[in-house]
Structures are given as C-alpha cells and as structure tokens.
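Okay, work_22.txt is below, compact mmCIF, C-alpha atoms:
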```txt
# COMPACT_ATOMS: atom_id res chain seq x y z
CA MET A 213 -74.03 -47.82 5.77
CA GLU A 214 -71.07 -49.59 4.24
CA ARG A 215 -70.18 -46.42 2.30
CA ILE A 216 -70.22 -44.36 5.51
CA GLN A 217 -67.95 -46.86 7.24
CA GLU A 218 -65.57 -46.83 4.27
CA ALA A 219 -65.45 -43.00 4.34
CA LEU A 220 -64.77 -42.99 8.10
CA ALA A 221 -61.99 -45.55 7.67
CA LYS A 222 -60.42 -43.49 4.91
CA ALA A 223 -60.53 -40.31 7.02
CA ARG A 224 -58.99 -42.16 9.95
CA ALA A 225 -56.14 -43.41 7.75
CA GLU A 226 -55.45 -39.88 6.46
CA ARG A 227 -55.28 -38.55 10.03
CA GLN A 228 -52.82 -41.28 10.98
CA LYS A 229 -50.62 -40.39 7.98
CA GLY A 230 -50.60 -36.71 8.95
CA SER A 231 -49.67 -37.56 12.52
CA ALA A 232 -46.78 -39.73 11.32
CA ARG A 233 -45.46 -36.90 9.14
CA GLN A 234 -45.51 -34.49 12.08
CA ASP A 235 -43.45 -36.94 14.15
CA GLU A 236 -40.75 -37.16 11.46
CA PRO A 237 -37.68 -34.95 12.05
CA ALA A 238 -37.63 -31.77 9.97
CA ALA A 239 -35.39 -31.84 6.92
CA PRO A 240 -32.15 -29.93 7.48
CA PRO A 241 -32.03 -26.50 5.81
CA ARG A 242 -30.31 -26.31 2.45
CA ALA A 243 -26.73 -25.18 2.67
CA VAL A 244 -26.30 -21.74 1.11
CA PRO A 245 -22.90 -21.36 -0.57
CA GLN A 246 -20.91 -18.60 1.13
CA MET A 247 -18.75 -16.06 -0.72
CA PRO A 248 -15.12 -16.29 0.33
CA ALA A 249 -14.07 -13.65 2.82
CA VAL A 250 -12.14 -10.66 1.51
CA ASP A 251 -9.09 -11.75 3.52
CA ASP A 252 -9.20 -15.15 1.83
CA SER A 253 -9.49 -13.54 -1.60
CA TRP A 254 -6.35 -11.50 -0.96
CA ALA A 255 -4.43 -14.40 0.53
CA ALA A 256 -5.25 -16.64 -2.46
CA LEU A 257 -3.58 -14.35 -5.01
CA ALA A 258 -0.16 -15.26 -6.40
CA PRO A 259 2.67 -13.35 -4.67
CA PHE A 260 4.79 -10.70 -6.37
CA LYS A 261 8.24 -11.95 -7.40
CA PHE A 262 10.93 -9.55 -6.24
CA ASN A 263 13.93 -8.66 -8.38
CA ARG A 264 15.50 -5.81 -6.43
CA THR A 265 18.32 -5.28 -8.90
CA LEU A 266 15.89 -4.80 -11.78
CA LEU A 267 13.60 -2.60 -9.69
CA ARG A 268 16.52 -0.37 -8.82
CA ARG A 269 17.60 -0.19 -12.46
CA ASN A 270 14.06 0.87 -13.40
CA ARG A 271 14.07 3.69 -10.81
CA VAL A 272 11.70 1.97 -8.41
CA VAL A 273 13.21 3.41 -5.23
CA ALA A 274 10.30 3.21 -2.79
CA VAL A 275 10.66 -0.49 -2.01
CA GLU A 276 11.82 0.54 1.45
CA SER A 277 11.30 3.76 3.35
CA GLY A 278 14.11 6.30 3.29
CA ARG A 279 15.37 9.45 1.63
CA GLU A 280 14.67 8.34 -1.94
CA ALA A 281 11.21 7.02 -1.07
CA ALA A 282 10.23 10.26 0.72
CA PRO A 283 8.69 12.07 -2.31
CA TYR A 284 6.49 9.06 -3.10
CA ASP A 285 5.48 8.70 0.55
CA LEU A 286 4.52 12.37 0.52
CA LEU A 287 2.50 11.90 -2.67
CA ARG A 288 0.85 8.80 -1.13
CA THR A 289 -0.18 10.78 1.94
CA LYS A 290 -1.62 13.62 -0.16
CA ILE A 291 -3.60 11.13 -2.28
CA ILE A 292 -5.01 9.51 0.86
CA HIS A 293 -5.98 12.89 2.32
CA GLN A 294 -7.70 14.09 -0.85
CA ALA A 295 -9.46 10.77 -1.39
CA GLN A 296 -10.79 10.58 2.17
CA THR A 297 -11.80 14.24 2.24
CA ASN A 298 -13.80 13.97 -0.99
CA GLY A 299 -14.97 10.37 -0.76
CA TRP A 300 -12.98 9.36 -3.85
CA ARG A 301 -11.82 5.79 -4.41
CA ARG A 302 -10.88 5.38 -8.08
CA VAL A 303 -7.82 7.44 -9.04
CA ALA A 304 -6.38 7.64 -12.56
CA ILE A 305 -2.69 8.38 -13.09
CA VAL A 306 -2.32 10.18 -16.42
CA SER A 307 0.15 12.43 -18.25
CA PRO A 308 -0.18 14.99 -21.05
CA ASP A 309 2.45 13.23 -23.18
CA MET A 310 4.57 10.10 -23.24
CA GLY A 311 7.73 9.94 -21.18
CA ALA A 312 6.53 11.96 -18.19
CA GLY A 313 7.05 9.05 -15.82
CA LYS A 314 3.48 8.19 -14.83
CA THR A 315 4.14 4.43 -14.85
CA THR A 316 7.31 4.74 -12.77
CA THR A 317 5.37 6.97 -10.38
CA LEU A 318 2.64 4.34 -10.00
CA ALA A 319 5.24 1.58 -9.50
CA ASN A 320 6.80 3.53 -6.64
CA LEU A 321 3.39 4.38 -5.20
CA ALA A 322 2.57 0.67 -5.10
CA PHE A 323 5.48 0.03 -2.73
CA SER A 324 4.75 3.18 -0.76
CA PHE A 325 1.16 2.08 -0.20
CA GLU A 326 2.32 -1.40 0.76
CA ARG A 327 4.06 0.21 3.73
CA GLN A 328 0.90 2.12 4.71
CA ARG A 329 -1.00 0.37 7.49
CA ASP A 330 -4.76 -0.13 7.53
CA MET A 331 -5.23 0.37 3.79
CA ARG A 332 -5.66 -1.95 0.85
CA VAL A 333 -4.94 -0.67 -2.64
CA LEU A 334 -5.30 -2.05 -6.16
CA CYS A 335 -2.84 -0.82 -8.82
CA ILE A 336 -4.11 -1.67 -12.29
CA ASP A 337 -2.43 -1.05 -15.64
CA LEU A 338 -5.05 0.11 -18.13
CA ASP A 339 -2.59 1.65 -20.58
CA LEU A 340 -3.64 -1.09 -22.97
CA ARG A 341 -1.86 0.25 -26.07
CA ARG A 342 1.64 0.47 -24.63
CA PRO A 343 1.55 -1.30 -21.27
CA SER A 344 4.80 -1.07 -19.35
CA LEU A 345 4.06 -1.45 -15.65
CA HIS A 346 4.92 -5.16 -15.83
CA LYS A 347 8.31 -4.29 -17.37
CA VAL A 348 9.10 -1.67 -14.76
CA LEU A 349 8.25 -4.16 -12.01
CA GLY A 350 10.03 -7.08 -13.70
CA GLN A 351 6.99 -9.33 -13.95
CA GLY A 352 5.87 -11.66 -16.76
CA PRO A 353 2.14 -12.34 -16.31
CA ASP A 354 0.45 -15.10 -18.29
CA HIS A 355 -2.58 -12.92 -19.01
CA SER A 356 -3.47 -9.27 -19.45
CA MET A 357 -6.06 -7.01 -17.88
CA ALA A 358 -7.79 -7.09 -21.27
CA ASP A 359 -8.47 -10.80 -20.66
CA VAL A 360 -9.99 -9.92 -17.30
CA LEU A 361 -12.12 -7.08 -18.69
CA ASN A 362 -13.35 -9.34 -21.50
CA GLY A 363 -14.36 -11.98 -18.97
CA HIS A 364 -11.94 -14.58 -20.33
CA VAL A 365 -9.88 -14.77 -17.13
CA ARG A 366 -10.89 -14.22 -13.52
CA PHE A 367 -8.93 -11.58 -11.64
CA ALA A 368 -8.32 -14.20 -8.95
CA GLU A 369 -6.21 -16.06 -11.54
CA HIS A 370 -4.41 -12.95 -12.72
CA GLY A 371 -3.74 -10.51 -9.87
CA LEU A 372 -0.41 -10.39 -8.00
CA ARG A 373 -0.25 -9.65 -4.29
CA LEU A 374 2.50 -7.26 -3.24
CA GLY A 375 2.86 -7.94 0.47
CA ASN A 376 -0.48 -7.84 2.29
CA ARG A 377 -1.83 -4.45 1.26
CA VAL A 378 -1.38 -4.00 -2.50
CA VAL A 379 -2.60 -6.02 -5.47
CA LEU A 380 -1.32 -5.50 -9.02
CA GLY A 381 -3.22 -6.01 -12.26
CA LEU A 382 -0.66 -6.10 -15.06
CA ASN A 383 -0.46 -6.80 -18.80
CA ASN A 384 1.79 -8.92 -20.97
CA GLY A 385 1.28 -7.02 -24.21
CA PRO A 386 -0.97 -4.55 -26.05
CA ALA A 387 -4.69 -5.19 -26.37
CA THR A 388 -6.70 -5.04 -29.56
CA ARG A 389 -9.28 -2.25 -29.83
CA PRO A 390 -8.63 -0.88 -26.32
CA SER A 391 -10.98 2.11 -26.62
CA GLU A 392 -13.96 -0.08 -27.39
CA LEU A 393 -13.00 -2.44 -24.57
CA LEU A 394 -12.67 0.33 -21.98
CA LEU A 395 -16.06 1.73 -23.00
CA SER A 396 -17.80 -1.65 -22.83
CA ARG A 397 -20.27 -2.80 -20.21
CA ASP A 398 -18.15 -5.94 -19.74
CA ALA A 399 -15.22 -3.79 -18.59
CA ARG A 400 -17.35 -1.82 -16.16
CA ASP A 401 -18.89 -4.99 -14.74
CA ALA A 402 -15.46 -6.63 -14.40
CA LEU A 403 -14.04 -3.67 -12.47
CA ASP A 404 -17.12 -3.51 -10.25
CA GLY A 405 -16.75 -7.23 -9.55
CA ILE A 406 -13.07 -6.83 -8.63
CA GLU A 407 -13.92 -4.08 -6.18
CA THR A 408 -16.69 -6.21 -4.66
CA ASP A 409 -14.40 -9.22 -4.22
CA TYR A 410 -11.36 -7.34 -2.86
CA ALA A 411 -12.95 -4.30 -1.18
CA PRO A 412 -9.98 -1.93 -1.70
CA ASP A 413 -9.75 1.45 -0.05
CA LEU A 414 -8.25 2.89 -3.25
CA VAL A 415 -7.86 1.78 -6.86
CA LEU A 416 -5.06 3.42 -8.86
CA PHE A 417 -5.20 3.14 -12.65
CA ASP A 418 -2.27 3.73 -15.01
CA ILE A 419 -3.92 4.97 -18.21
CA SER A 420 -2.53 6.09 -21.55
CA PRO A 421 -1.20 9.65 -22.12
CA LEU A 422 -3.76 12.21 -23.12
CA ASN A 423 -2.18 12.89 -26.51
CA ALA A 424 -1.73 9.22 -27.41
CA SER A 425 -5.31 8.10 -28.09
CA ASP A 426 -8.91 8.40 -27.01
CA ASP A 427 -8.54 5.49 -24.56
CA ASN A 428 -8.25 7.80 -21.57
CA ILE A 429 -11.32 9.75 -22.68
CA ALA A 430 -13.16 6.45 -22.76
CA PHE A 431 -12.08 5.56 -19.25
CA LEU A 432 -11.77 8.82 -17.29
CA GLN A 433 -15.54 8.98 -16.95
CA ASN A 434 -15.34 5.83 -14.80
CA VAL A 435 -12.98 7.24 -12.14
CA ASP A 436 -13.53 9.69 -9.29
CA CYS A 437 -10.46 11.81 -9.99
CA ALA A 438 -7.11 11.94 -11.77
CA VAL A 439 -3.53 12.87 -10.91
CA ILE A 440 -1.69 14.49 -13.82
CA ILE A 441 2.03 13.69 -14.09
CA ALA A 442 4.13 16.27 -15.98
CA ALA A 443 7.87 16.22 -16.69
CA ALA A 444 9.91 19.15 -15.40
CA GLU A 445 11.61 21.21 -18.14
CA VAL A 446 10.03 18.94 -20.75
CA THR A 447 6.26 19.34 -20.60
CA PRO A 448 5.34 22.90 -21.66
CA MET A 449 3.07 24.84 -19.34
CA SER A 450 0.55 25.14 -22.17
CA ARG A 451 0.34 21.34 -22.36
CA ILE A 452 -0.19 21.11 -18.60
CA ASP A 453 -2.99 23.69 -18.74
CA HIS A 454 -4.60 21.92 -21.67
CA ALA A 455 -4.36 18.55 -19.90
CA GLU A 456 -5.95 19.98 -16.77
CA ARG A 457 -8.90 21.38 -18.75
CA GLN A 458 -9.25 18.13 -20.69
CA VAL A 459 -9.32 16.00 -17.55
CA ALA A 460 -11.63 18.41 -15.71
CA GLU A 461 -14.26 17.91 -18.42
CA LEU A 462 -14.41 14.20 -17.58
CA THR A 463 -13.60 13.88 -13.87
CA ASN A 464 -12.10 15.69 -10.89
CA VAL A 465 -8.47 16.82 -10.99
CA MET A 466 -6.88 15.66 -7.74
CA GLY A 467 -3.63 17.45 -8.49
CA ILE A 468 -0.63 17.93 -10.78
CA VAL A 469 2.74 16.33 -10.03
CA LEU A 470 5.90 17.82 -11.49
CA ASN A 471 8.12 14.80 -12.07
CA LYS A 472 11.84 14.53 -12.90
CA CYS A 473 12.78 17.67 -11.02
CA ARG A 474 15.47 18.13 -8.40
CA TYR A 475 15.67 20.65 -5.61
CA ILE A 476 17.38 20.92 -2.24
CA SER A 477 15.43 21.71 0.87
CA ASP A 478 17.44 24.19 2.95
CA ALA A 479 15.44 23.30 6.04
CA GLU A 480 15.96 19.55 5.91
CA GLY A 481 19.00 19.15 3.67
CA TYR A 482 17.34 16.37 1.67
CA ASP A 483 17.61 15.94 -2.08
CA TYR A 484 14.22 15.17 -3.65
CA TYR A 485 13.94 13.72 -7.12
```
Take the structure in the file and write it out as structure tokens.
Amino acid sequence: MERIQEALAKARAERQKGSARQDEPAAPPRAVPQMPAVDDSWAALAPFKFNRTLLRRNRVVAVESGREAAPYDLLRTKIIHQAQTNGWRRVAIVSPDMGAGKTTTLANLAFSFERQRDMRVLCIDLDLRRPSLHKVLGQGPDHSMADVLNGHVRFAEHGLRLGNRVVLGLNNGPATRPSELLLSRDARDALDGIETDYAPDLVLFDISPLNASDDNIAFLQNVDCAVIIAAAEVTPMSRIDHAERQVAELTNVMGIVLNKCRYISDAEGYDYY
C-alpha cells in the first residue's frame, strides 16, 4: 500500500512539473544573422579618388557626356543590347596584341556606364601580368585582385566605388603565376562570391592580350562573351581574324572594335576617335 501511495505521489509531482513548464513563457527564437543588403555592400566600398587632369592626360574622355564621350556611350549601348538579348553578364575585353587600347577603352566604359541609369557594373582588371588600369585611372590600391582571388583579402576591403553604379577591382602590380591562379577553383569561387554580394547587371574584365600568354585562355572559359579591341592601321586583318577564331573556341564573340581610328560623319559633323 505504501508503495502505491509513493508511486501516486511521484506521478502527481511529475504532472505538476509539466504544468509549470507549460505556463512558462516560450524562449525567444534565436536571432539569425542577416546578410547585408546589396545597397549597403555598394555604399560601404571606398570611393574613387578623382584626378581629372591625370584622367585627361591618359585619354579618359568619357568622364562627362559630350562629343568625345559619344563613341564610348555608343559602345556601352551596344554592349547592353547584346548582353540583354543573349542573357550574357560576364564580358571580357581583350585584344590580339599589346597596345591596341583595351585598357583605355575599359576605363572610358567605366565612366560611360556610371552615367547609365538603372544598371550596376563591375570593372575588374584581370590582366595580372601587366596590369595598367590603376595607372590609367590614377589610383594606388593597397591590394591586388590576385589577393582577392587567393582569398587573402575580401573584395569589400579592396573594391572602389565610382559614383553609385560602377565598382572597380584594380591591381597594384603583377601577380605571380597568373595562369594557375585564373584556372583555380579559389578564383572561380571568389568571383562567384563577388557577384552574389554585389549583384551586378554586367561584369567587364580587362584580360591580357591574346599573344602575350595563356592567361586569357585560362580565363575566357569563365565569361559569357568577349569584345575584341583592335588598333586601326596597326593590327593586321590576319591577326584580327585569328583572334576572332581563337576567342570563338572558348566563348562567344560579342563584337570587334576598331580603336584609334578617326572619321568624320557627314550627317552629324562630329569627329569620332
């Protein structure tokens, strides 16, 4: 009898405990860390430092709209049209040989895109053997894109914001073993992460000339298309044809730009360079 009473008392105590637990307020849900908004990621980047005199000396003429910026604005519009028509987002800027002006073209495109509403664009220098975009733009970054691709530096600590619509990824010197780096999984993951964090409409890459190394071969497979920059009266037609075939084996050819040429439009009376 005593054992039965003890068992009943124990059961009664357990029921009372359970009732007390039900009356306690529920524990608040665990806070889930939120990823910063894309707008915040852009706003947090260091701003571009303007040196208009140097930009002008380096033939960066698209800082403001006007007659000299018109060819780059036209190229910008054609790139947008082709990209949207074909669903392309990653665009390589490449040339058959050195000295065709691909880096100067990208520098001007950066300012042209900054004046384009409703678009966000990344301009990244991946000519890791002879980087020069930072020189053309008059910038002295503390790190290089190689540091970002290797995972040593976050792009948030490296990128420069040009206005509100363009972000630049520059270099401060050559990288060691660039081909191996551009082919690495770390590089692909880093670029994917940058696109996730900044959600650009377009990413423009300045890559090394086709005759300079195998770096571009390593990287062209990672882009949707390429724009080939050739120098008027300098790049032979055979080199342009060869470059087009070479690029077409690895990605889509968006188009060929004949740079450093001058003609006068009879209809408009404008000089285009």
Mind dumping a table of every stretch 330-409 of chain A residue within 9 Å of stretch 426-444 of chain A, with the nearest atom pair and its distance in Å to one decimal, using all atoms listed in the file, sorted by chain and rising number, as a Markdown table?
```
| residue | atom | partner | partner_atom | distance |
| --- | --- | --- | --- | --- |
| A:Leu338 | CA | A:Phe431 | CA | 9.0 |
| A:Asp339 | CA | A:Asp427 | CA | 8.1 |
| A:Leu340 | CA | A:Asp427 | CA | 8.4 |
| A:Arg341 | CA | A:Asp427 | CA | 8.6 |
| A:Pro390 | CA | A:Asp427 | CA | 6.6 |
| A:Ser391 | CA | A:Asp427 | CA | 4.6 |
| A:Glu392 | CA | A:Ala430 | CA | 8.0 |
| A:Leu394 | CA | A:Phe431 | CA | 5.9 |
| A:Leu395 | CA | A:Ala430 | CA | 5.5 |
| A:Arg400 | CA | A:Asn434 | CA | 8.0 |
```
Exercise: A:Asp354 partners within 10 Å, all atoms listed in the file, chain neighbours under 5 positions left out, as an MDAnalysis selection string: chainID A and resid 369:370 382:384
Pick from A:Ile336, A:Ile468, A:Ala255, A:Val378 nearest to A:Asp413, counting only C-alpha atoms: A:Val378
Atom CA of A:Ala274 to atom CA of A:Gln328, distance in Å rounded to a single decimal: 12.1 Å
Residue with smallest distance to A:Val348 - pool A:Gly299, A:Gly313, A:Pro386, A:Pro259, counting all atoms listed in the file: A:Gly313
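Note that the spacing between atom CA of A:Asn464 and atom CA of A:Tyr284 amounts to 21.2 Å.
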Contacts of A:Leu267 at 10 Å (all atoms listed in the file; same-chain gap of 4+ positions) as a ChimeraX atom specification: /A:262-263,271-275,319-320,347-350
Closest of A:Ala256, A:Val250, A:Ala387, A:Ile452 to A:Leu361 - atom-to-atom distances counting only C-alpha atoms: A:Ala387
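Between A:Ala402 and the residues A:Val306, A:Val360, A:Val415, A:Leu422, the shortest atom-to-atom distance, using all atoms listed in the file, involves A:Val360.
What separates atom CA of A:Ala282 from atom CA of A:Ala455 is a distance of 26.6 Å.
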Surrounding residues of A:Glu407 excluding itself and chain neighbours under 2 positions, 12 Å, all atoms listed in the file, as number ranges by chain: A: 250, 253-254, 301-302, 332-336, 367-368, 379, 400-405, 409-416
Atoms kept (C-alpha atoms) for selection, written as a CSV table (one decimal), in the frame of the given file:
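Generated output (result_5.csv):
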```
chain,number,residue,atom,x,y,z
A,250,VAL,CA,-12.1,-10.7,1.5
A,253,SER,CA,-9.5,-13.5,-1.6
A,254,TRP,CA,-6.4,-11.5,-1.0
A,301,ARG,CA,-11.8,5.8,-4.4
A,302,ARG,CA,-10.9,5.4,-8.1
A,332,ARG,CA,-5.7,-2.0,0.8
A,333,VAL,CA,-4.9,-0.7,-2.6
A,334,LEU,CA,-5.3,-2.0,-6.2
A,335,CYS,CA,-2.8,-0.8,-8.8
A,336,ILE,CA,-4.1,-1.7,-12.3
A,367,PHE,CA,-8.9,-11.6,-11.6
A,368,ALA,CA,-8.3,-14.2,-9.0
A,379,VAL,CA,-2.6,-6.0,-5.5
A,400,ARG,CA,-17.4,-1.8,-16.2
A,401,ASP,CA,-18.9,-5.0,-14.7
A,402,ALA,CA,-15.5,-6.6,-14.4
A,403,LEU,CA,-14.0,-3.7,-12.5
A,404,ASP,CA,-17.1,-3.5,-10.2
A,405,GLY,CA,-16.8,-7.2,-9.6
A,409,ASP,CA,-14.4,-9.2,-4.2
A,410,TYR,CA,-11.4,-7.3,-2.9
A,411,ALA,CA,-13.0,-4.3,-1.2
A,412,PRO,CA,-10.0,-1.9,-1.7
A,413,ASP,CA,-9.8,1.4,0.0
A,414,LEU,CA,-8.2,2.9,-3.2
A,415,VAL,CA,-7.9,1.8,-6.9
A,416,LEU,CA,-5.1,3.4,-8.9
```
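Each of A:Lys314, A:His364, A:Arg279, A:Arg377 was checked against A:Arg329 using all atoms listed in the file; the smallest atom-to-atom distance is that of A:Arg377.
Closest to A:Ala258 among A:Ile291, A:Leu393, A:Ala322, A:Leu380 is A:Leu380, based on only C-alpha atoms.
Excluding A:Thr289 and any residue on its chain fewer than 5 positions from it, the residues at most 10 Å away by all atoms listed in the file are Pro283, Tyr284, Gln294, Ala295, Ser324, Phe325 and Gln328 of chain A.
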